[in-house]
Each structure stands twice: as structure tokens, then as C-alpha cells.
Amino acid sequence: MTGAPPAIRLEGVGLDFDGAPLLRDMDLCIGGGRITVLLGASGVGKTSLLRMLGGLARPDHGRIVADDGQPLAGRVAWMGQQDLLLPWASALHNVMLGARLRGDRPEPARARHLLGCVGLAAQADARPATLSGGMRQRVALARVLYEGRPVILMDEPFSALDSITRARMQDLAGRMLAGRTVVLITHDPLEACRLADTMLLMAGYPATISTIAAPPGAVPRPVDDPAVLAAQAGLLRRMLRQ
Ligand SMILES: Nc1ncnc2c1ncn2[C@@H]1O[C@H](COP(=O)(O)OP(=O)(O)OP(=O)(O)O)[C@@H](O)[C@H]1O
Ligand SMILES: [Mg+2]
């Protein structure tokens with residue numbers, strides 16, 4: 001990883017669409033080196049907020065800054081619901097895609113190592129079409145890790161997967177993302193309770209954010225931990241009231 005993972009501060013952030021505020025005067029601190037999980041009803045503004053954190057959209061008001069005073073640009077990697085692998089390139093070349101696009105020298109040994117870490121050592125030469133959905137998301141995770149960025153933004157990264165593959169991906173991601181500044185959007189309360197150091201629930205128009213205590217224990221927390229299951233039920237109750 002290049003550089004220490006920064007905390008990120010939103011200061012008076014506002015975002016308008018079609019003349020109406022989606023976010024207004026939002027102050028928030030996203031902890032450095034921690035996994036922050038962002039939840040909230042569809043359309044509340046989660047992706048819009050993540051896009052601003054990633055520099056893909058600008059706030060109409062206020063600012064977003066890293067606590068170390070350095071620009072966030074160039075320190076962020078993105079992983080979404082779609083794996084966005086190039087169909088004609090092997091898993092190995094997909095992992096090194098960012099380096100190729102930037103004209104950097106690819107590091108196949110490191111890419112192979114990361115494929116091994118996500119359990120795909122034997123599939124390095126396979127094309128995406130020959131891999132399952134879970135395998136492709138694992139290639140996408142290896143690609144994000146290969147980028148070595150201290151900030152990782154994930155927009156519903158596991159939502160297209162079946163529940164067993166999803167639970168395995170949560171285990172893998174929880175282990176491999178440790179120590180980075182991660183913001184992960186999910187609609188799944190169990191995923192939130194397994195992976196979060198901090199849970200943020202967005203609600204309302206314009207949206208406000210409430211912080212919810214994460215269950216005790218190290219991430220990734222076991223699926224059958226009674227504290228995790230109780231927190232999941234509490235979170236679901238709260239989301240149903242929104
Ligand atoms: N570029 C845009 N132009 C106009 N409206 C937009 C734009 N991007 C997002 N919106 C609107 O902002 C609102 C929030 O969208 P956003 O994608 O952030 O929601 P979300 O919380 O991620 O929802 P979901 O859980 O369904 O992904 C929606 O009403 C959406 O239509
Ligand atoms: Mg979204």
C-alpha cells in the first residue's frame with residue numbers, strides 16, 4: 001500500500017440534483033484504516049456520496065478533505081457491483097489492468113500472489129467468461145488490492161452473488177482490506193454487521209446520517225455469532241422504520 005490510510009472529513013457538504021438538495025450541510029468523519037459501512041434506502045444518496053469521496057463528482061457546497069492534508073486524488077480505488085473485467089484478457093491481465101492503462105510496468109509476480117490470496121492461483125490464465133460470478137468478483141478484489149491504494153470505495157460489491165459465495169467474499173474482503181480506509185455500501189444488514197468497524201445509516205431528503213454501534217469482535221465477524229445476529233436484527237428493525 002502506498003502511504004498511510006487517511007481519515008476523510010466532509011465539511012458542510014451539499015449536493016443538489018434538479019434544483020433540490022439531496023445532501024445538505026453534511027459534516028462527517030470517516031475513520032482512517034477502518035471499514036465504514038454505509039446503509040440506507042434506495043435513492044437516499046449513498047452512491048452519490050461515494051462518487052464524491054472518489055472524486056467522480058464534486059459537491060455543490062462544502063468540501064471533502066483527507067485529514068493528512070494531502071489530496072485524495074490518486075489514493076482511491078473503486079469496486080462496484082459489476083466486476084468490469086475485460087472479457088478478452090486473462091484474470092492475471094485483468095488484475096494488472098490499471099498499471100497497463102497508466103503505462104506503468106506490470107508486476108505479474110505480485111498479481112499472481114494476489115490471485116493466490118483470493119484463491120484463484122490456478123485460474124490466472126482463464127478468461128472471465130470461463131469463471132463463475134464469485135470468481136470474477138474475486139478477480140475484481142485482487143485488482144483493487146493490486147492498485148495498492150490506501151482508500152477503497154465499494155458500492156454493493158457482493159450484491160450480485162448468491163448467499164454462500166457472498167459470505168465467503170465477506171470473509172475474504174474482511175481479511176484482505178484490514179488497515180485500509182474502506183467505505184462499503186450495502187443493503188444487507190448481516191454484511192454490515194460482519195464487516196463494519198462503523199455503521200452509518202442515511203435517511204431522509206435531504207439525507208442525514210446516524211452512526212450505529214458495530215457489534216464487538218474483529219472483522220470479519222462470524223455469521224453465527226449471537227452478537228452479530230442480534231445487531232443484524234436491530235439494524236433491520238431500524239431500517240424498516242425509515
Ligand atoms: N447525475 C444525476 N442527475 C440527476 N439525479 C441524480 C443523478 N445521480 C443521482 N441522482 C438522483 O439522486 C438520488 C440518489 O441517487 P443515488 O444513486 O445516490 O442513490 P443510492 O442511495 O445509491 O440508491 P441505491 O440504493 O438504489 O443504489 C436519486 O433520486 C437519483 O435519481
Ligand atoms: Mg447506489
# chains A, B, ... in the order shown; residues from 1 in each chain; ligands from 1
>>> closest_atom_pairs(of="stretch 83-166 of chain A", to="stretch 177-201 of chain A", cutoff="6 Å", atoms="only C-alpha atoms", output="Markdown table")
| residue | atom | partner | partner_atom | distance |
| --- | --- | --- | --- | --- |
| A:Pro150 | CA | A:Arg180 | CA | 5.3 |
| A:Val151 | CA | A:Thr181 | CA | 4.7 |
| A:Ile152 | CA | A:Val182 | CA | 4.8 |
| A:Leu153 | CA | A:Val183 | CA | 5.0 |
| A:Met154 | CA | A:Leu184 | CA | 4.6 |
| A:Asp155 | CA | A:Ile185 | CA | 4.9 |
| A:Glu156 | CA | A:Thr186 | CA | 4.9 |
>>> residues_near_ligand(ligand="ligand 1", cutoff="6 Å", atoms="only C-alpha atoms and all ligand atoms", output="tab-separated table (two decimals) with C-alpha atoms, in the first residue's frame")
chain	number	residue	atom	x	y	z
A	17	PHE	CA	-30.00	17.49	-8.29
A	41	ALA	CA	-32.96	3.15	1.46
A	42	SER	CA	-32.68	3.11	-2.31
A	43	GLY	CA	-32.34	6.61	-3.72
A	44	VAL	CA	-31.23	8.21	-0.44
A	45	GLY	CA	-27.87	9.25	-1.92
A	46	LYS	CA	-25.31	6.56	-0.96
A	47	THR	CA	-23.73	6.20	-4.41
A	48	SER	CA	-23.77	9.97	-4.88
>>> closest_residue(among="A:Ala121, A:Ile212, A:Ile164, A:Leu114", to="A:Met176", atoms="only C-alpha atoms")
A:Leu114
>>> residues_around(residues="A:Gly133", least_positions_apart="3", cutoff="12 Å", atoms="only C-alpha atoms", output="mmCIF file with N, CA and C atoms, in the first residue's frame")
data_model
loop_
_atom_site.group_PDB
_atom_site.id
_atom_site.type_symbol
_atom_site.label_atom_id
_atom_site.label_comp_id
_atom_site.auth_asym_id
_atom_site.auth_seq_id
_atom_site.Cartn_x
_atom_site.Cartn_y
_atom_site.Cartn_z
ATOM 1 N N GLN A 81 -20.610 -3.130 -8.136
ATOM 2 C CA GLN A 81 -21.415 -4.348 -8.210
ATOM 3 C C GLN A 81 -21.040 -5.180 -9.435
ATOM 4 N N GLN A 82 -20.717 -4.486 -10.524
ATOM 5 C CA GLN A 82 -20.278 -5.183 -11.736
ATOM 6 C C GLN A 82 -18.760 -5.343 -11.661
ATOM 7 N N ASP A 83 -18.251 -6.514 -12.088
ATOM 8 C CA ASP A 83 -16.810 -6.728 -11.948
ATOM 9 C C ASP A 83 -15.996 -5.936 -12.979
ATOM 10 N N LEU A 84 -16.626 -5.561 -14.112
ATOM 11 C CA LEU A 84 -15.968 -4.748 -15.141
ATOM 12 C C LEU A 84 -14.630 -5.329 -15.601
ATOM 13 N N LEU A 85 -14.589 -6.657 -15.698
ATOM 14 C CA LEU A 85 -13.368 -7.290 -16.225
ATOM 15 C C LEU A 85 -13.404 -7.227 -17.747
ATOM 16 N N PRO A 128 -12.481 -14.250 -18.252
ATOM 17 C CA PRO A 128 -13.622 -14.037 -17.357
ATOM 18 C C PRO A 128 -14.840 -14.902 -17.689
ATOM 19 N N ALA A 129 -15.107 -15.105 -18.991
ATOM 20 C CA ALA A 129 -16.307 -15.865 -19.377
ATOM 21 C C ALA A 129 -16.278 -17.296 -18.850
ATOM 22 N N THR A 130 -15.089 -17.814 -18.526
ATOM 23 C CA THR A 130 -15.000 -19.195 -18.038
ATOM 24 C C THR A 130 -15.028 -19.256 -16.514
ATOM 25 N N ARG A 136 -15.236 -14.100 -10.567
ATOM 26 C CA ARG A 136 -14.964 -12.806 -11.230
ATOM 27 C C ARG A 136 -14.881 -11.681 -10.191
ATOM 28 N N GLN A 137 -15.751 -11.735 -9.185
ATOM 29 C CA GLN A 137 -15.665 -10.696 -8.148
ATOM 30 C C GLN A 137 -14.361 -10.838 -7.358
ATOM 31 N N ARG A 138 -13.855 -12.087 -7.237
ATOM 32 C CA ARG A 138 -12.561 -12.264 -6.560
ATOM 33 C C ARG A 138 -11.420 -11.686 -7.398
ATOM 34 N N VAL A 139 -11.522 -11.833 -8.729
ATOM 35 C CA VAL A 139 -10.518 -11.195 -9.600
ATOM 36 C C VAL A 139 -10.600 -9.672 -9.409
ATOM 37 N N ALA A 140 -11.835 -9.158 -9.347
ATOM 38 C CA ALA A 140 -12.004 -7.706 -9.179
ATOM 39 C C ALA A 140 -11.415 -7.252 -7.837
ATOM 40 N N PRO A 157 -20.566 -4.301 -3.507
ATOM 41 C CA PRO A 157 -19.662 -5.155 -4.296
ATOM 42 C C PRO A 157 -20.098 -6.613 -4.373
ATOM 43 N N PHE A 158 -20.900 -7.084 -3.409
ATOM 44 C CA PHE A 158 -21.231 -8.514 -3.394
ATOM 45 C C PHE A 158 -22.716 -8.780 -3.658
ATOM 46 N N SER A 159 -23.451 -7.731 -4.047
ATOM 47 C CA SER A 159 -24.906 -7.873 -4.092
ATOM 48 C C SER A 159 -25.385 -8.789 -5.215
ATOM 49 N N ALA A 160 -24.542 -9.012 -6.236
ATOM 50 C CA ALA A 160 -24.974 -9.886 -7.336
ATOM 51 C C ALA A 160 -24.662 -11.360 -7.057
ATOM 52 N N LEU A 161 -24.123 -11.668 -5.893
ATOM 53 C CA LEU A 161 -23.665 -13.038 -5.618
ATOM 54 C C LEU A 161 -24.689 -13.815 -4.797
ATOM 55 N N ASP A 162 -24.677 -15.137 -4.937
ATOM 56 C CA ASP A 162 -25.543 -15.966 -4.100
ATOM 57 C C ASP A 162 -25.060 -15.899 -2.654
ATOM 58 N N THR A 165 -21.624 -17.717 -1.663
ATOM 59 C CA THR A 165 -20.454 -17.045 -2.256
ATOM 60 C C THR A 165 -20.252 -15.685 -1.593
ATOM 61 N N ARG A 166 -21.357 -15.040 -1.308
ATOM 62 C CA ARG A 166 -21.308 -13.722 -0.694
ATOM 63 C C ARG A 166 -20.667 -13.785 0.706
ATOM 64 N N MET A 169 -17.030 -14.206 0.238
ATOM 65 C CA MET A 169 -16.397 -12.943 -0.190
ATOM 66 C C MET A 169 -16.254 -11.985 0.982
#
>>> residues_around(residues="A:Arg9", least_positions_apart="3", cutoff="6 Å", atoms="only C-alpha atoms", output="list in words")
Leu28, Cys29, Ile64 and Val65 of chain A
>>> write_last_selection(atoms="C-alpha atoms", output="mmCIF file, in the first residue's frame")
data_model
loop_
_atom_site.group_PDB
_atom_site.id
_atom_site.type_symbol
_atom_site.label_atom_id
_atom_site.label_comp_id
_atom_site.auth_asym_id
_atom_site.auth_seq_id
_atom_site.Cartn_x
_atom_site.Cartn_y
_atom_site.Cartn_z
ATOM 1 C CA LEU A 28 -18.897 13.610 8.774
ATOM 2 C CA CYS A 29 -15.593 11.957 9.629
ATOM 3 C CA ILE A 64 -14.134 16.739 1.248
ATOM 4 C CA VAL A 65 -10.598 16.511 2.621
#
>>> decode(residues="stretch 39-70 of chain A", atoms="C-alpha atoms", output="PDB file, in the first residue's frame")
ATOM      1  CA  LEU A  39     -26.616   1.810   4.603  1.00  0.00           C
ATOM      2  CA  GLY A  40     -29.898   3.456   3.660  1.00  0.00           C
ATOM      3  CA  ALA A  41     -32.965   3.152   1.462  1.00  0.00           C
ATOM      4  CA  SER A  42     -32.682   3.107  -2.312  1.00  0.00           C
ATOM      5  CA  GLY A  43     -32.337   6.608  -3.717  1.00  0.00           C
ATOM      6  CA  VAL A  44     -31.234   8.213  -0.443  1.00  0.00           C
ATOM      7  CA  GLY A  45     -27.869   9.248  -1.923  1.00  0.00           C
ATOM      8  CA  LYS A  46     -25.315   6.561  -0.960  1.00  0.00           C
ATOM      9  CA  THR A  47     -23.731   6.196  -4.409  1.00  0.00           C
ATOM     10  CA  SER A  48     -23.767   9.972  -4.881  1.00  0.00           C
ATOM     11  CA  LEU A  49     -21.835  10.351  -1.625  1.00  0.00           C
ATOM     12  CA  LEU A  50     -19.361   7.619  -2.598  1.00  0.00           C
ATOM     13  CA  ARG A  51     -18.813   9.235  -6.006  1.00  0.00           C
ATOM     14  CA  MET A  52     -17.885  12.487  -4.291  1.00  0.00           C
ATOM     15  CA  LEU A  53     -15.472  10.649  -1.969  1.00  0.00           C
ATOM     16  CA  GLY A  54     -13.857   9.097  -5.050  1.00  0.00           C
ATOM     17  CA  GLY A  55     -13.584  12.408  -6.875  1.00  0.00           C
ATOM     18  CA  LEU A  56     -16.041  11.278  -9.587  1.00  0.00           C
ATOM     19  CA  ALA A  57     -18.449  14.104  -8.660  1.00  0.00           C
ATOM     20  CA  ARG A  58     -17.966  17.437  -6.958  1.00  0.00           C
ATOM     21  CA  PRO A  59     -20.029  18.675  -4.026  1.00  0.00           C
ATOM     22  CA  ASP A  60     -22.104  21.772  -4.839  1.00  0.00           C
ATOM     23  CA  HIS A  61     -21.258  23.118  -1.382  1.00  0.00           C
ATOM     24  CA  GLY A  62     -18.588  22.432   1.220  1.00  0.00           C
ATOM     25  CA  ARG A  63     -15.540  20.222   0.766  1.00  0.00           C
ATOM     26  CA  ILE A  64     -14.134  16.739   1.248  1.00  0.00           C
ATOM     27  CA  VAL A  65     -10.598  16.511   2.621  1.00  0.00           C
ATOM     28  CA  ALA A  66      -8.145  13.921   3.891  1.00  0.00           C
ATOM     29  CA  ASP A  67      -7.006  14.522   7.478  1.00  0.00           C
ATOM     30  CA  ASP A  68      -3.326  14.396   6.454  1.00  0.00           C
ATOM     31  CA  GLY A  69      -3.820  17.468   4.280  1.00  0.00           C
ATOM     32  CA  GLN A  70      -2.807  15.621   1.086  1.00  0.00           C
TER      33      GLN A  70
END
